[in-house]
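Peer 1: I'm passing along query-v2.pdb; it holds PDB, C-alpha atoms.
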```
ATOM      1  CA  MET A   2       4.786 -14.960   8.394
ATOM      2  CA  SER A   3       5.771 -16.731   5.225
ATOM      3  CA  ASP A   4       9.233 -18.210   4.931
ATOM      4  CA  PHE A   5       9.293 -17.178   1.250
ATOM      5  CA  ASP A   6      12.472 -15.294   0.278
ATOM      6  CA  PHE A   7      10.894 -12.092  -1.070
ATOM      7  CA  GLU A   8      14.217 -10.231  -1.100
ATOM      8  CA  SER A   9      15.706 -12.627  -3.645
ATOM      9  CA  ARG A  10      13.075 -11.468  -6.178
ATOM     10  CA  ILE A  11      13.821  -7.740  -5.694
ATOM     11  CA  ILE A  12      16.476  -6.271  -7.971
ATOM     12  CA  ASP A  13      18.623  -3.288  -6.974
ATOM     13  CA  ILE A  14      19.032  -0.722  -9.759
ATOM     14  CA  PRO A  15      21.859   1.677  -8.836
ATOM     15  CA  ASP A  16      21.665   5.348  -9.802
ATOM     16  CA  TYR A  17      17.987   5.215 -10.804
ATOM     17  CA  PRO A  18      16.093   7.482 -11.186
ATOM     18  CA  GLU A  19      19.061   9.704 -10.332
ATOM     19  CA  PRO A  20      22.687   9.284  -9.221
ATOM     20  CA  GLY A  21      23.087   8.014  -5.667
ATOM     21  CA  VAL A  22      19.653   6.368  -5.479
ATOM     22  CA  VAL A  23      19.321   2.582  -5.384
ATOM     23  CA  PHE A  24      15.912   1.743  -6.847
ATOM     24  CA  LYS A  25      14.280  -1.421  -5.520
ATOM     25  CA  ASP A  26      12.583  -3.094  -8.510
ATOM     26  CA  ILE A  27       9.745  -5.302  -7.259
ATOM     27  CA  THR A  28       8.414  -6.250 -10.698
ATOM     28  CA  PRO A  29      10.112  -9.685 -10.523
ATOM     29  CA  LEU A  30       7.737 -10.460  -7.628
ATOM     30  CA  PHE A  31       4.844  -9.984 -10.043
ATOM     31  CA  ASP A  32       6.166 -11.991 -12.976
ATOM     32  CA  ASP A  33       6.992 -15.035 -10.841
ATOM     33  CA  PRO A  34       3.726 -16.907 -10.063
ATOM     34  CA  GLU A  35       5.130 -18.429  -6.864
ATOM     35  CA  ALA A  36       6.363 -15.036  -5.624
ATOM     36  CA  LEU A  37       3.115 -13.254  -6.481
ATOM     37  CA  GLN A  38       1.094 -15.903  -4.707
ATOM     38  CA  ALA A  39       3.377 -15.658  -1.658
ATOM     39  CA  VAL A  40       2.985 -11.852  -1.537
ATOM     40  CA  VAL A  41      -0.799 -12.007  -1.735
ATOM     41  CA  ASP A  42      -1.209 -14.989   0.587
ATOM     42  CA  THR A  43       1.161 -13.650   3.255
ATOM     43  CA  ILE A  44      -0.588 -10.285   3.459
ATOM     44  CA  ALA A  45      -4.078 -11.813   3.327
ATOM     45  CA  GLU A  46      -3.268 -14.452   5.947
ATOM     46  CA  HIS A  47      -1.785 -11.839   8.277
ATOM     47  CA  PHE A  48      -5.019  -9.826   8.230
ATOM     48  CA  SER A  49      -7.481 -12.716   7.841
ATOM     49  CA  ASP A  50      -8.903 -12.362  11.362
ATOM     50  CA  LYS A  51      -9.360  -8.563  11.315
ATOM     51  CA  GLY A  52     -12.837  -8.490   9.732
ATOM     52  CA  ILE A  53     -11.640  -6.692   6.612
ATOM     53  CA  THR A  54     -14.531  -5.733   4.311
ATOM     54  CA  LYS A  55     -12.587  -3.557   1.829
ATOM     55  CA  VAL A  56      -9.016  -3.095   0.661
ATOM     56  CA  VAL A  57      -7.874   0.359  -0.459
ATOM     57  CA  GLY A  58      -4.905   0.493  -2.842
ATOM     58  CA  ALA A  59      -3.151   3.661  -4.003
ATOM     59  CA  GLU A  60      -2.541   4.325  -7.682
ATOM     60  CA  ALA A  61      -0.982   2.552  -9.370
ATOM     61  CA  ARG A  62       1.151  -0.197  -7.892
ATOM     62  CA  GLY A  63      -1.146  -0.446  -4.889
ATOM     63  CA  PHE A  64      -3.699  -1.797  -7.361
ATOM     64  CA  LEU A  65      -1.342  -4.645  -8.289
ATOM     65  CA  VAL A  66      -1.111  -5.804  -4.686
ATOM     66  CA  GLY A  67      -4.404  -4.620  -3.234
ATOM     67  CA  ALA A  68      -6.825  -6.150  -5.722
ATOM     68  CA  PRO A  69      -5.546  -9.726  -5.371
ATOM     69  CA  VAL A  70      -5.358  -9.335  -1.578
ATOM     70  CA  ALA A  71      -9.011  -8.229  -1.609
ATOM     71  CA  TYR A  72      -9.897 -11.245  -3.735
ATOM     72  CA  ARG A  73      -8.044 -13.545  -1.333
ATOM     73  CA  LEU A  74      -9.820 -11.968   1.672
ATOM     74  CA  GLY A  75     -13.185 -12.227  -0.080
ATOM     75  CA  CYS A  76     -13.849  -8.499   0.121
ATOM     76  CA  GLY A  77     -14.124  -5.475  -2.144
ATOM     77  CA  PHE A  78     -11.336  -3.331  -3.577
ATOM     78  CA  VAL A  79     -11.356   0.482  -3.642
ATOM     79  CA  PRO A  80      -8.838   2.312  -5.837
ATOM     80  CA  ALA A  81      -7.351   5.515  -4.435
ATOM     81  CA  ARG A  82      -6.684   7.472  -7.615
ATOM     82  CA  LYS A  83      -4.960  10.650  -8.743
ATOM     83  CA  PRO A  84      -7.255  13.666  -9.318
ATOM     84  CA  GLY A  85      -9.556  13.589 -12.325
ATOM     85  CA  LYS A  86      -9.546   9.797 -12.762
ATOM     86  CA  LEU A  87     -12.798   8.936 -10.969
ATOM     87  CA  PRO A  88     -16.113   9.819 -12.629
ATOM     88  CA  ARG A  89     -18.390  10.300  -9.605
ATOM     89  CA  GLU A  90     -18.305  12.446  -6.470
ATOM     90  CA  VAL A  91     -15.050  11.966  -4.530
ATOM     91  CA  TYR A  92     -13.307  12.551  -1.239
ATOM     92  CA  SER A  93      -9.879  14.153  -1.801
ATOM     93  CA  GLN A  94      -6.751  14.206   0.306
ATOM     94  CA  THR A  95      -3.588  16.182  -0.418
ATOM     95  CA  TYR A  96      -0.329  14.916   1.063
ATOM     96  CA  SER A  97       3.367  15.775   1.152
ATOM     97  CA  LEU A  98       6.075  13.970  -0.742
ATOM     98  CA  GLU A  99       9.825  14.250  -0.418
ATOM     99  CA  TYR A 100       9.749  16.654  -3.379
ATOM    100  CA  GLY A 101       6.337  18.360  -3.264
ATOM    101  CA  THR A 102       2.686  17.457  -2.835
ATOM    102  CA  ASP A 103       0.224  15.064  -4.438
ATOM    103  CA  GLU A 104      -3.413  14.125  -4.032
ATOM    104  CA  LEU A 105      -5.503  10.966  -3.850
ATOM    105  CA  GLN A 106      -9.246  10.512  -4.266
ATOM    106  CA  ILE A 107     -11.830   7.792  -3.669
ATOM    107  CA  HIS A 108     -15.483   7.690  -4.663
ATOM    108  CA  LYS A 109     -17.719   8.971  -1.863
ATOM    109  CA  ASP A 110     -19.899   5.874  -2.132
ATOM    110  CA  ALA A 111     -17.005   3.374  -2.129
ATOM    111  CA  LEU A 112     -16.928   2.936   1.655
ATOM    112  CA  THR A 113     -19.528   3.031   4.404
ATOM    113  CA  PRO A 114     -19.212   3.466   8.182
ATOM    114  CA  ASP A 115     -19.629  -0.329   8.450
ATOM    115  CA  ASP A 116     -16.470  -1.012   6.442
ATOM    116  CA  VAL A 117     -13.230  -2.234   7.999
ATOM    117  CA  VAL A 118     -10.396  -1.319   5.653
ATOM    118  CA  LEU A 119      -6.923  -2.636   4.957
ATOM    119  CA  ILE A 120      -4.680  -0.150   3.149
ATOM    120  CA  VAL A 121      -2.273  -1.895   0.779
ATOM    121  CA  ASP A 122       0.572  -0.512  -1.322
ATOM    122  CA  ASP A 123       3.805  -1.750  -2.821
ATOM    123  CA  LEU A 124       6.140   0.526  -0.850
ATOM    124  CA  VAL A 125       6.189   2.753   2.199
ATOM    125  CA  ALA A 126       8.881   5.419   2.307
ATOM    126  CA  THR A 127       7.875   8.588   4.155
ATOM    127  CA  GLY A 128       4.323   7.440   4.899
ATOM    128  CA  GLY A 129       2.559  10.256   3.025
ATOM    129  CA  THR A 130       0.540   8.046   0.691
ATOM    130  CA  ALA A 131      -0.422   5.702   3.529
ATOM    131  CA  ILE A 132      -1.594   8.534   5.770
ATOM    132  CA  ALA A 133      -3.526  10.168   2.906
ATOM    133  CA  SER A 134      -5.216   6.825   2.169
ATOM    134  CA  ALA A 135      -6.164   6.476   5.848
ATOM    135  CA  GLN A 136      -7.559  10.009   5.892
ATOM    136  CA  LEU A 137      -9.720   9.182   2.860
ATOM    137  CA  VAL A 138     -11.033   6.103   4.663
ATOM    138  CA  GLU A 139     -11.787   8.209   7.741
ATOM    139  CA  GLN A 140     -13.575  10.866   5.634
ATOM    140  CA  SER A 141     -15.962   8.126   4.530
ATOM    141  CA  GLY A 142     -16.632   7.111   8.132
ATOM    142  CA  ALA A 143     -15.029   3.681   7.684
ATOM    143  CA  LYS A 144     -12.405   2.210  10.028
ATOM    144  CA  VAL A 145      -8.766   1.540   9.121
ATOM    145  CA  ALA A 146      -7.711  -1.898  10.379
ATOM    146  CA  GLY A 147      -4.084  -1.725   9.248
ATOM    147  CA  PHE A 148      -1.516  -1.145   6.536
ATOM    148  CA  ALA A 149       0.353  -3.690   4.407
ATOM    149  CA  PHE A 150       3.327  -3.120   2.121
ATOM    150  CA  ILE A 151       5.766  -5.247   0.186
ATOM    151  CA  LEU A 152       8.733  -2.955   0.865
ATOM    152  CA  GLU A 153       9.491  -0.615   3.756
ATOM    153  CA  LEU A 154      12.317   1.905   3.510
ATOM    154  CA  SER A 155      12.869   1.781   7.261
ATOM    155  CA  PHE A 156      15.783   4.254   7.163
ATOM    156  CA  LEU A 157      13.148   6.938   6.410
ATOM    157  CA  ASN A 158      11.204   6.000   9.594
ATOM    158  CA  PRO A 159       7.772   5.534   7.988
ATOM    159  CA  ARG A 160       6.370   3.649  10.993
ATOM    160  CA  THR A 161       7.053   6.594  13.284
ATOM    161  CA  ILE A 162       5.562   9.047  10.797
ATOM    162  CA  ILE A 163       2.447   6.911  10.261
ATOM    163  CA  ALA A 164       2.031   6.281  14.011
ATOM    164  CA  GLU A 165       1.809  10.041  14.635
ATOM    165  CA  LYS A 166      -1.523  10.068  12.761
ATOM    166  CA  CYS A 167      -2.604   6.417  12.572
ATOM    167  CA  PRO A 168      -2.138   3.963  15.454
ATOM    168  CA  GLN A 169      -2.976   0.884  13.347
ATOM    169  CA  GLU A 170      -0.524  -1.904  12.589
ATOM    170  CA  VAL A 171       1.996  -1.524   9.747
ATOM    171  CA  PHE A 172       2.896  -4.905   8.204
ATOM    172  CA  THR A 173       5.690  -5.262   5.637
ATOM    173  CA  LEU A 174       7.272  -8.197   3.836
ATOM    174  CA  VAL A 175      10.743  -6.660   3.336
ATOM    175  CA  LYS A 176      12.462  -3.938   5.353
ATOM    176  CA  VAL A 177      15.287  -1.997   3.699
ATOM    177  CA  GLN A 178      17.692  -0.536   6.269
TER     178      GLN A 178
END
```
How does the structure come out when it is put into structure tokens?

Peer 2:
Amino acid sequence: MSDFDFESRIIDIPDYPEPGVVFKDITPLFDDPEALQAVVDTIAEHFSDKGITKVVGAEARGFLVGAPVAYRLGCGFVPARKPGKLPREVYSQTYSLEYGTDELQIHKDALTPDDVVLIVDDLVATGGTAIASAQLVEQSGAKVAGFAFILELSFLNPRTIIAEKCPQEVFTLVKVQ
């Protein structure tokens, strides 16, 4: 793992988006070229020997991390989008959030049974988006190789929640206790 200090580039914003919540702003990781390169390289290097053929990133910040990781791994990128954003036939997966439900979709022709997929997102909290992304990959017949995130809100136990449905490795750069 990289010895880069990712945490020093994350800014705590108290009482956002509501009182009592401390928002973890990761945008400084993206505007600092050294930090962005460290994020992408660390994730890509960790999964470099897993035979990854595609990276799936959830809308929208998963695109910011997933696409450059795919480039670094020399593979394709598949966006998992909100309903109504993709123009061709899609697989859909509804999932639970802390405050309701949401849905992700991928094009039906984006993955094949030969694909080995890394699911990448900026943050894992309750694991809902990650599990939904994995279920989309499985609907296509492809194989999930693992999950990668910049931030893990470990006090919400996302690894346990994900492990109940997906036995693959969860890799994170920063764990928030």

Peer 1: With distances taken over only C-alpha atoms, which of A:Glu170, A:Glu165, A:Asp123, A:Asp16 is nearest to Phe150 of chain A?

Peer 2: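 Answer, going by the shortest atom-to-atom distance: A:Asp123.
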
Peer 1: With the file shown as input, list the residues that the PyMOL selection byres ((chain A and resi 94) around 12) selects, as an NGL selection string.

Peer 2: :A and (59 or 81-84 or 91-93 or 95-97 or 102-108 or 129-141)

Peer 1: Can you write out the residues you just picked, keeping C-alpha atoms, as a PDB file, keeping the file's coordinate frame?

Peer 2:
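Listing of result_23.pdb after writing:
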```
ATOM      1  CA  ALA A  59      -3.151   3.661  -4.003  1.00  0.00           C
ATOM      2  CA  ALA A  81      -7.351   5.515  -4.435  1.00  0.00           C
ATOM      3  CA  ARG A  82      -6.684   7.472  -7.615  1.00  0.00           C
ATOM      4  CA  LYS A  83      -4.960  10.650  -8.743  1.00  0.00           C
ATOM      5  CA  PRO A  84      -7.255  13.666  -9.318  1.00  0.00           C
ATOM      6  CA  VAL A  91     -15.050  11.966  -4.530  1.00  0.00           C
ATOM      7  CA  TYR A  92     -13.307  12.551  -1.239  1.00  0.00           C
ATOM      8  CA  SER A  93      -9.879  14.153  -1.801  1.00  0.00           C
ATOM      9  CA  THR A  95      -3.588  16.182  -0.418  1.00  0.00           C
ATOM     10  CA  TYR A  96      -0.329  14.916   1.063  1.00  0.00           C
ATOM     11  CA  SER A  97       3.367  15.775   1.152  1.00  0.00           C
ATOM     12  CA  THR A 102       2.686  17.457  -2.835  1.00  0.00           C
ATOM     13  CA  ASP A 103       0.224  15.064  -4.438  1.00  0.00           C
ATOM     14  CA  GLU A 104      -3.413  14.125  -4.032  1.00  0.00           C
ATOM     15  CA  LEU A 105      -5.503  10.966  -3.850  1.00  0.00           C
ATOM     16  CA  GLN A 106      -9.246  10.512  -4.266  1.00  0.00           C
ATOM     17  CA  ILE A 107     -11.830   7.792  -3.669  1.00  0.00           C
ATOM     18  CA  HIS A 108     -15.483   7.690  -4.663  1.00  0.00           C
ATOM     19  CA  GLY A 129       2.559  10.256   3.025  1.00  0.00           C
ATOM     20  CA  THR A 130       0.540   8.046   0.691  1.00  0.00           C
ATOM     21  CA  ALA A 131      -0.422   5.702   3.529  1.00  0.00           C
ATOM     22  CA  ILE A 132      -1.594   8.534   5.770  1.00  0.00           C
ATOM     23  CA  ALA A 133      -3.526  10.168   2.906  1.00  0.00           C
ATOM     24  CA  SER A 134      -5.216   6.825   2.169  1.00  0.00           C
ATOM     25  CA  ALA A 135      -6.164   6.476   5.848  1.00  0.00           C
ATOM     26  CA  GLN A 136      -7.559  10.009   5.892  1.00  0.00           C
ATOM     27  CA  LEU A 137      -9.720   9.182   2.860  1.00  0.00           C
ATOM     28  CA  VAL A 138     -11.033   6.103   4.663  1.00  0.00           C
ATOM     29  CA  GLU A 139     -11.787   8.209   7.741  1.00  0.00           C
ATOM     30  CA  GLN A 140     -13.575  10.866   5.634  1.00  0.00           C
ATOM     31  CA  SER A 141     -15.962   8.126   4.530  1.00  0.00           C
TER      32      SER A 141
END
```

Peer 1: Applying 9 Å and all atoms listed in the file, which residues near Ile53 of chain A remain after dropping the ones on its own chain fewer than 2 positions away? List them as a list in words.

Peer 2: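 My list of contacting residues is Phe48, Ser49, Asp50, Lys51, Lys55, Val56, Ala71, Leu74, Gly75, Cys76, Asp116, Val117, Val118, Leu119 and Ala146 of chain A.
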
Peer 1: Write to file, as a CSV table (one decimal), keeping the file's coordinate frame, the residues of the selection just made, with C-alpha atoms.

Peer 2:
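result.csv, freshly written:
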```csv
chain,number,residue,atom,x,y,z
A,48,PHE,CA,-5.0,-9.8,8.2
A,49,SER,CA,-7.5,-12.7,7.8
A,50,ASP,CA,-8.9,-12.4,11.4
A,51,LYS,CA,-9.4,-8.6,11.3
A,55,LYS,CA,-12.6,-3.6,1.8
A,56,VAL,CA,-9.0,-3.1,0.7
A,71,ALA,CA,-9.0,-8.2,-1.6
A,74,LEU,CA,-9.8,-12.0,1.7
A,75,GLY,CA,-13.2,-12.2,-0.1
A,76,CYS,CA,-13.8,-8.5,0.1
A,116,ASP,CA,-16.5,-1.0,6.4
A,117,VAL,CA,-13.2,-2.2,8.0
A,118,VAL,CA,-10.4,-1.3,5.7
A,119,LEU,CA,-6.9,-2.6,5.0
A,146,ALA,CA,-7.7,-1.9,10.4
```

Peer 1: Using only C-alpha atoms, which of the listed residues (A:Leu154, A:Val125, A:Asp115, A:Asp6) sits closest to Val23 of chain A?

Peer 2: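 When distances to Val23 of chain A are compared using only C-alpha atoms, the smallest one comes from A:Leu154.
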
Peer 1: Just how far from atom CA of Phe148 of chain A is atom CA of Ala68 of chain A, in Å to one decimal?

Peer 2: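 Separation of atom CA of Ala68 of chain A and atom CA of Phe148 of chain A: 14.3 Å.
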
Peer 1: Give me, please, the distance in Å between atom CA of Ala36 of chain A and atom CA of Ile162 of chain A, quoted to one decimal.

Peer 2: 29.2 Å
